[in-house]
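Colleague: Input file: coords03.cif. Contents: mmCIF, C-alpha atoms and all ligand atoms.
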```cif
data_run
loop_
_atom_site.label_atom_id
_atom_site.label_comp_id
_atom_site.auth_asym_id
_atom_site.auth_seq_id
_atom_site.Cartn_x
_atom_site.Cartn_y
_atom_site.Cartn_z
CA MET A 886 34.14 -5.37 2.14
CA SER A 887 30.48 -4.55 2.29
CA HIS A 888 28.36 -1.46 1.94
CA TYR A 889 28.30 1.30 4.50
CA ARG A 890 24.97 1.23 6.32
CA MET A 891 23.76 3.94 8.69
CA PRO A 892 23.47 2.78 12.30
CA ILE A 893 20.28 4.78 12.78
CA LEU A 894 18.43 2.43 10.42
CA GLU A 895 19.77 -0.70 12.04
CA GLU A 896 17.03 -1.23 14.62
CA THR A 897 13.82 -0.72 12.65
CA GLY A 898 14.85 -0.08 9.04
CA TYR A 899 13.16 3.33 8.95
CA VAL A 900 13.40 6.76 10.48
CA VAL A 901 10.71 9.44 10.62
CA LEU A 902 11.91 13.04 10.47
CA ASN A 903 10.45 16.42 11.28
CA PRO A 904 7.82 17.36 8.73
CA TYR A 905 8.87 19.80 6.03
CA PRO A 906 7.54 23.15 7.26
CA ASP A 907 7.08 25.19 4.08
CA PRO A 908 4.13 24.90 1.73
CA ILE A 909 4.97 23.87 -1.84
CA ASP A 910 2.99 25.05 -4.83
CA PRO A 911 1.03 21.97 -6.05
CA GLY A 912 1.63 23.30 -9.55
CA GLU A 913 5.16 21.92 -9.23
CA TRP A 914 4.07 18.29 -9.25
CA GLN A 915 0.88 18.84 -11.24
CA SER A 916 2.73 20.34 -14.21
CA LEU A 917 5.32 17.56 -14.50
CA ALA A 918 5.36 14.99 -17.29
CA TYR A 919 4.23 11.59 -15.96
CA VAL A 920 4.88 8.14 -17.36
CA ASP A 921 2.98 4.94 -16.62
CA TRP A 922 5.26 2.57 -14.80
CA LYS A 923 4.78 -0.83 -13.29
CA SER A 924 4.75 -0.42 -9.57
CA SER A 925 2.64 -1.34 -6.59
CA GLY A 926 -0.91 -0.26 -7.26
CA ASP A 927 -2.45 2.18 -9.70
CA THR A 928 0.46 4.55 -10.17
CA ARG A 929 2.18 7.00 -12.47
CA PHE A 930 5.62 8.47 -12.02
CA ALA A 931 7.14 11.83 -12.91
CA PRO A 932 10.90 11.37 -12.98
CA LEU A 933 13.08 14.32 -11.97
CA ALA A 934 16.41 12.50 -12.26
CA SER A 935 17.04 9.42 -14.39
CA ALA A 936 19.93 7.39 -15.75
CA GLU A 937 20.61 9.70 -18.68
CA GLY A 938 18.37 12.70 -18.16
CA GLU A 939 15.47 11.32 -20.19
CA ILE A 940 11.87 11.20 -18.96
CA GLU A 941 11.88 7.53 -18.02
CA CYS A 942 12.03 5.47 -14.85
CA ASN A 943 14.28 2.52 -15.63
CA GLY A 944 16.75 1.21 -13.11
CA PHE A 945 20.21 2.56 -13.90
CA TRP A 946 21.41 -1.01 -14.49
CA HIS A 947 19.32 -1.08 -17.68
CA GLY A 948 21.14 1.83 -19.33
CA ARG A 949 23.73 1.77 -22.09
CA LEU A 950 26.37 2.03 -19.37
CA PRO A 951 24.87 -0.01 -16.52
CA ARG A 952 25.61 1.46 -13.09
CA SER A 953 24.31 1.68 -9.55
CA ASP A 954 21.42 3.84 -8.37
CA LYS A 955 23.56 6.96 -7.85
CA ASN A 956 24.52 10.09 -9.78
CA GLY A 957 21.09 10.54 -11.29
CA VAL A 958 21.00 12.98 -14.19
CA TRP A 959 18.54 15.83 -13.64
CA ILE A 960 15.94 16.14 -16.37
CA THR A 961 16.09 19.73 -17.63
CA SER A 962 12.42 20.11 -18.60
CA GLN A 963 11.20 18.61 -15.31
CA VAL A 964 13.60 20.60 -13.14
CA ALA A 965 12.29 23.81 -14.73
CA LYS A 966 8.78 22.90 -13.58
CA ALA A 967 9.64 21.73 -10.06
CA PRO A 968 12.65 23.66 -8.71
CA THR A 969 11.53 23.39 -5.07
CA LEU A 970 11.14 19.62 -5.31
CA VAL A 971 14.62 19.31 -6.78
CA GLN A 972 16.04 21.48 -4.03
CA ARG A 973 14.34 19.26 -1.44
CA ALA A 974 15.69 16.10 -3.03
CA GLN A 975 19.19 17.58 -2.80
CA GLN A 976 18.74 18.98 0.69
CA SER A 977 20.75 16.31 2.47
CA GLU A 978 23.69 16.71 0.07
CA ALA A 979 23.86 12.92 -0.20
CA ASN A 980 24.39 11.36 -3.62
CA VAL A 981 21.03 11.20 -5.44
CA GLY A 982 20.13 8.34 -7.77
CA ARG A 983 16.61 7.93 -9.07
CA CYS A 984 14.33 10.80 -8.10
CA ARG A 985 10.66 10.95 -9.00
CA VAL A 986 7.20 12.01 -7.92
CA ILE A 987 4.79 9.12 -7.53
CA GLU A 988 1.07 9.49 -8.04
CA LEU A 989 -1.01 6.80 -6.36
CA GLN A 990 -4.75 6.39 -6.72
CA PRO A 991 -6.84 5.55 -3.63
CA ASN A 992 -6.79 1.91 -2.57
CA SER A 993 -7.66 -0.38 0.31
CA TYR A 994 -5.57 -1.85 3.13
CA ALA A 995 -5.88 -5.23 1.35
CA ASP A 996 -4.54 -3.61 -1.84
CA ALA A 997 -1.60 -2.21 0.09
CA LEU A 998 -0.77 -5.60 1.59
CA TYR A 999 -1.11 -7.23 -1.82
CA ASN A 1000 1.23 -4.64 -3.32
CA SER A 1001 3.85 -4.75 -0.56
CA HIS A 1002 7.34 -5.24 -1.97
CA LEU A 1003 11.05 -4.71 -1.54
CA ASP A 1004 12.95 -2.26 -3.74
CA ASP A 1005 15.94 -3.01 -5.89
CA ASN A 1006 18.19 -0.17 -4.73
CA ASN A 1007 21.64 -1.68 -4.64
CA ARG A 1008 22.13 -3.58 -7.86
CA LEU A 1009 25.68 -2.90 -9.13
CA ASN A 1010 26.43 -0.90 -5.98
CA PRO A 1011 30.20 -1.40 -5.50
CA ASP A 1012 31.45 -2.89 -2.25
CA GLY A 1013 32.68 -0.23 0.13
CA GLU A 1014 30.26 2.43 -1.06
CA GLY A 1015 27.13 3.54 0.80
CA TRP A 1016 23.97 1.39 0.83
CA VAL A 1017 21.22 3.10 -1.16
CA VAL A 1018 18.05 3.87 0.78
CA ARG A 1019 14.89 5.75 -0.10
CA CYS A 1020 13.61 9.08 1.16
CA PHE A 1021 9.85 9.62 0.99
CA MET A 1022 8.60 13.21 1.15
CA GLN A 1023 4.81 13.49 1.27
CA LEU A 1024 3.45 16.26 -0.96
CA THR A 1025 -0.33 15.96 -0.66
CA ASP A 1026 -2.05 16.12 2.73
CA ASN A 1027 -3.23 12.57 3.47
CA PRO A 1028 -3.26 12.27 7.26
CA ASP A 1029 -5.54 9.22 7.10
CA SER A 1030 -3.31 7.35 4.64
CA TYR A 1031 -0.34 5.28 5.76
CA MET A 1032 3.02 4.01 4.66
CA VAL A 1033 2.70 0.34 5.66
CA LEU A 1034 6.05 -1.18 6.61
CA ARG A 1035 6.69 -4.79 7.55
CA ARG A 1036 9.84 -6.66 8.47
CA ASP A 1037 8.12 -9.86 7.35
CA VAL A 1038 5.52 -9.43 4.62
CA ASP A 1039 3.48 -12.35 5.99
CA ASP A 1040 3.54 -11.28 9.63
CA PRO A 1041 1.14 -8.50 10.70
CA ALA A 1042 2.91 -8.32 14.06
CA THR A 1043 5.93 -6.79 12.32
CA GLU A 1044 3.89 -3.95 10.81
CA THR A 1045 4.28 -0.22 11.37
CA ARG A 1046 1.84 2.26 9.85
CA ILE A 1047 3.16 5.78 9.41
CA ALA A 1048 0.62 8.53 8.75
CA LEU A 1049 1.16 10.76 5.72
CA PRO A 1050 0.09 14.35 6.38
CA VAL A 1051 1.59 16.98 4.10
CA GLY A 1052 5.30 17.41 4.71
CA ALA A 1053 5.83 13.96 6.29
CA GLN A 1054 9.40 12.83 5.69
CA LEU A 1055 10.87 9.40 6.21
CA VAL A 1056 13.97 7.50 5.19
CA VAL A 1057 13.50 3.77 4.69
CA ASP A 1058 15.85 0.92 3.92
CA SER A 1059 13.31 -0.16 1.33
CA GLU A 1060 15.38 -3.13 0.17
CA ARG A 1061 15.03 -4.56 3.68
CA MET A 1062 11.59 -3.34 4.76
CA TRP A 1063 8.47 -4.47 2.91
CA HIS A 1064 6.51 -1.37 2.03
CA SER A 1065 3.47 0.02 0.26
CA VAL A 1066 0.97 2.80 0.84
CA TRP A 1067 -2.61 2.49 1.96
CA HIS A 1068 -4.19 5.60 0.52
CA VAL A 1069 -7.77 6.54 1.38
CA GLY A 1070 -9.90 9.33 -0.07
CA ASN A 1071 -10.97 10.38 -3.53
CA GLU A 1072 -7.91 12.17 -4.86
CA PRO A 1073 -4.51 10.74 -5.80
CA ARG A 1074 -1.60 10.92 -3.41
CA HIS A 1075 1.68 12.52 -4.48
CA CYS A 1076 5.04 11.87 -2.89
CA LEU A 1077 8.63 12.71 -3.77
CA ILE A 1078 10.76 9.54 -3.71
CA THR A 1079 14.54 9.82 -3.87
CA SER A 1080 17.28 7.19 -3.81
CA LEU A 1081 20.03 8.43 -1.50
CA GLU A 1082 23.42 6.99 -0.67
CA SER A 1083 24.08 6.22 2.99
CA GLY A 1084 26.97 8.24 4.36
CA PRO A 1085 27.94 11.16 6.58
CA GLU A 1086 25.96 13.75 4.60
CA LEU A 1087 22.72 11.83 4.87
CA GLU A 1088 23.33 11.04 8.54
CA LYS A 1089 23.95 14.69 9.39
CA TRP A 1090 20.74 15.70 7.64
CA ILE A 1091 18.79 12.99 9.44
CA PHE A 1092 20.11 14.11 12.83
CA ARG A 1093 19.29 17.74 12.04
CA ASN A 1094 15.67 16.63 11.63
CA ASP A 1095 14.98 15.00 15.01
CA PRO A 1096 14.82 11.39 13.87
CA ILE A 1097 12.38 8.91 15.41
CA THR A 1098 13.21 5.26 14.82
CA CYS A 1099 10.13 3.63 16.31
CA VAL A 1100 6.62 4.93 15.66
CA ALA A 1101 3.52 3.55 17.38
CA SER A 1102 0.89 2.66 14.77
CA ASP A 1103 -2.59 4.07 15.04
CA PRO A 1104 -4.90 1.29 16.27
CA MET A 1105 -6.82 -0.79 13.74
CA ASP A 1106 -9.95 -2.86 14.21
CA VAL A 1107 -8.67 -6.42 14.69
CA ALA A 1108 -11.41 -8.14 12.67
CA TYR A 1109 -11.02 -5.66 9.81
CA GLY A 1110 -7.26 -6.12 9.76
CA ALA A 1111 -7.59 -9.91 9.68
CA GLU A 1112 -10.19 -9.83 6.90
CA GLN A 1113 -8.06 -7.51 4.73
CA GLN A 1114 -4.93 -9.57 5.43
CA ASP A 1115 -6.79 -12.69 4.35
CA ARG A 1116 -8.05 -11.01 1.19
CA ALA A 1117 -4.53 -9.93 0.27
CA ARG A 1118 -3.17 -13.41 0.94
CA GLN A 1119 -5.79 -14.99 -1.33
CA ARG A 1120 -4.97 -12.56 -4.15
CA ARG A 1121 -1.26 -13.20 -3.76
CA THR A 1122 -1.85 -16.96 -3.85
CA ALA A 1123 -3.88 -16.57 -7.04
CA ARG A 1124 -1.15 -14.39 -8.54
CA THR A 1125 1.46 -17.03 -7.75
CA ALA A 1126 -0.70 -19.68 -9.42
CA HIS A 1127 -1.14 -17.44 -12.47
CA TYR A 1128 2.56 -16.74 -12.97
CA GLY A 1129 3.91 -20.04 -11.76
CA TYR A 1130 6.10 -18.21 -9.25
CA ASP A 1131 5.61 -15.61 -6.55
CA PRO A 1132 6.40 -12.15 -7.97
CA THR A 1133 6.64 -10.95 -4.38
CA ASN A 1134 10.06 -12.58 -4.27
CA ILE A 1135 11.37 -10.30 -7.01
CA ARG A 1136 12.53 -6.86 -5.95
CA SER A 1137 10.62 -4.00 -7.50
CA GLU A 1138 12.40 -2.12 -10.27
CA ALA A 1139 10.34 0.98 -9.64
FE FE A 1201 9.12 0.58 -3.36
#
```
Starting from the file, give its structure as structure tokens.
Modeller:
Amino acid sequence: MSHYRMPILEETGYVVLNPYPDPIDPGEWQSLAYVDWKSSGDTRFAPLASAEGEIECNGFWHGRLPRSDKNGVWITSQVAKAPTLVQRAQQSEANVGRCRVIELQPNSYADALYNSHLDDNNRLNPDGEGWVVRCFMQLTDNPDSYMVLRRDVDDPATETRIALPVGAQLVVDSERMWHSVWHVGNEPRHCLITSLESGPELEKWIFRNDPITCVASDPMDVAYGAEQQDRARQRRTARTAHYGYDPTNIRSEA
């Protein structure tokens, strides 16, 4: 036995969907309670669903009754503040695990490469059930910022950069694809991130939203890209020396 994985993610590990068409009141994510949480970059998280309905972001395997990243418990006080976000997270009717809004401060391309990681989505996921993937729904309008995906974290040739205007929606096998966000500007970026179980419900929703499995990246100046890549590599090497191991090899718990 193994997990059910959606064929549409097989080729590239991601799928970009039609943008969400309706405006959402920014008050929904601005009024939420945020917690500091270790993640890639300068971030805070506002959980909407957690292991036991508390305002915290732990992996469900850390709870009193350790379990897989499914059947998240909606947090009453947060749901009251962000009903539209909750409705969006449930839109596919797939099983929802962790669900949260991330707030990311502006950074550089080198920062994004330094922060690139794999997620820990499938710990304790029983054989035969659906592989847990992540849905990213962009809330703020950041058309010049990018989700940076790589098949191989050390190989720029495997990179895809997906622009993040308001409403952008993508589903990523984020335990397979290295990912991070390069966010430019002066204001933080907000995005709704939801763990979803692969299965017929999620597939139907994806196909209702005109999925694109291969996006051409906007061009980047070659010298700039190489310089930023080098800077990130040097910082990662220093980090490895500091810790005595490479934290990049450990899946993110965020
Ligand atoms: Fe991640």
Colleague: Collect all residues with atoms no farther than 7 Å from ligand FE 1201 (chain A), counting only C-alpha atoms and all ligand atoms, and output them as an NGL selection string.
Modeller: :A and (1002-1004 or 1059 or 1064-1065 or 1137 or 1139)
Colleague: Could you write out the selected residues, including C-alpha atoms, as a PDB file, in the frame of the given file?
Modeller:
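Final file, again-v5.pdb:
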```pdb
ATOM      1  CA  HIS A1002       7.340  -5.240  -1.970  1.00  0.00           C
ATOM      2  CA  LEU A1003      11.050  -4.710  -1.540  1.00  0.00           C
ATOM      3  CA  ASP A1004      12.950  -2.260  -3.740  1.00  0.00           C
ATOM      4  CA  SER A1059      13.310  -0.160   1.330  1.00  0.00           C
ATOM      5  CA  HIS A1064       6.510  -1.370   2.030  1.00  0.00           C
ATOM      6  CA  SER A1065       3.470   0.020   0.260  1.00  0.00           C
ATOM      7  CA  SER A1137      10.620  -4.000  -7.500  1.00  0.00           C
ATOM      8  CA  ALA A1139      10.340   0.980  -9.640  1.00  0.00           C
TER       9      ALA A1139
END
```
Colleague: So which one's closest to Pro911 (chain A), A:Gln990, A:Val981, A:Asp1026, A:Leu1081? Using all atoms listed in the file, please.
Modeller: A:Asp1026
Colleague: Which residues are near Ala1042 (chain A)? Cut-off 12 Å, only C-alpha atoms, ignore same chain within fewer than 5 positions. Put them as a PyMOL selection string.
Modeller: chain A and resi 1034-1037+1102+1107+1110-1111+1114
Colleague: So how far away is CA of Gly1013 (chain A) from CA of Ser887 (chain A), in Å?
Modeller: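 About the pair CA of Ser887 (chain A) and CA of Gly1013 (chain A): they are 5.3 Å apart.
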Colleague: Would you pick out the contacts of Thr1133 (chain A) at 9 Å or less, using only C-alpha atoms, so that residues sharing its chain but fewer than 6 positions from it are not included, and give the list as a JSON list (two decimals) with C-alpha atoms, keeping the file's coordinate frame?
Modeller:
```
[["chain", "number", "residue", "atom", "x", "y", "z"],
["A", 999, "TYR", "CA", -1.11, -7.23, -1.82],
["A", 1000, "ASN", "CA", 1.23, -4.64, -3.32],
["A", 1001, "SER", "CA", 3.85, -4.75, -0.56],
["A", 1002, "HIS", "CA", 7.34, -5.24, -1.97],
["A", 1003, "LEU", "CA", 11.05, -4.71, -1.54],
["A", 1121, "ARG", "CA", -1.26, -13.20, -3.76],
["A", 1125, "THR", "CA", 1.46, -17.03, -7.75]]
```
Colleague: Using only C-alpha atoms for the distances, tell me which of A:Asn1010, A:Ser916, A:Ser1030, A:Gln976 is nearest to Lys1089 (chain A).
Modeller: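 Among the listed residues, the smallest separation from Lys1089 (chain A) belongs to A:Gln976.
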Colleague: For Ser953 (chain A), which residue out of A:Val1051, A:Val1017, A:Val1057, A:Ala965 is the nearest one, using all atoms listed in the file?
Modeller: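 Looking only at the distances to Ser953 (chain A), the closest residue turns out to be A:Val1017.
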Colleague: Just how far from CA of Asp1058 (chain A) is CA of Asn1006 (chain A), in Å to one decimal?
Modeller: 9.0 Å
Colleague: May I ask which of the residues A:Asp927, A:Glu1014, A:Glu939, A:Asp1040 is the closest one to Ala997 (chain A), counting all atoms listed in the file?
Modeller: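 The closest residue to Ala997 (chain A) is A:Asp927.
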Colleague: Separation of CA of Thr1025 (chain A) and CA of Ser1083 (chain A), in Å?
Modeller: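 For CA of Thr1025 (chain A) relative to CA of Ser1083 (chain A), the distance reads 26.5 Å.
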Colleague: What lies within 8 Å of Lys955 (chain A) using all atoms listed in the file, ignoring chain neighbours under 4 positions off, as a VMD selection string?
Modeller: chain A and resid 980 to 983 1080 to 1082
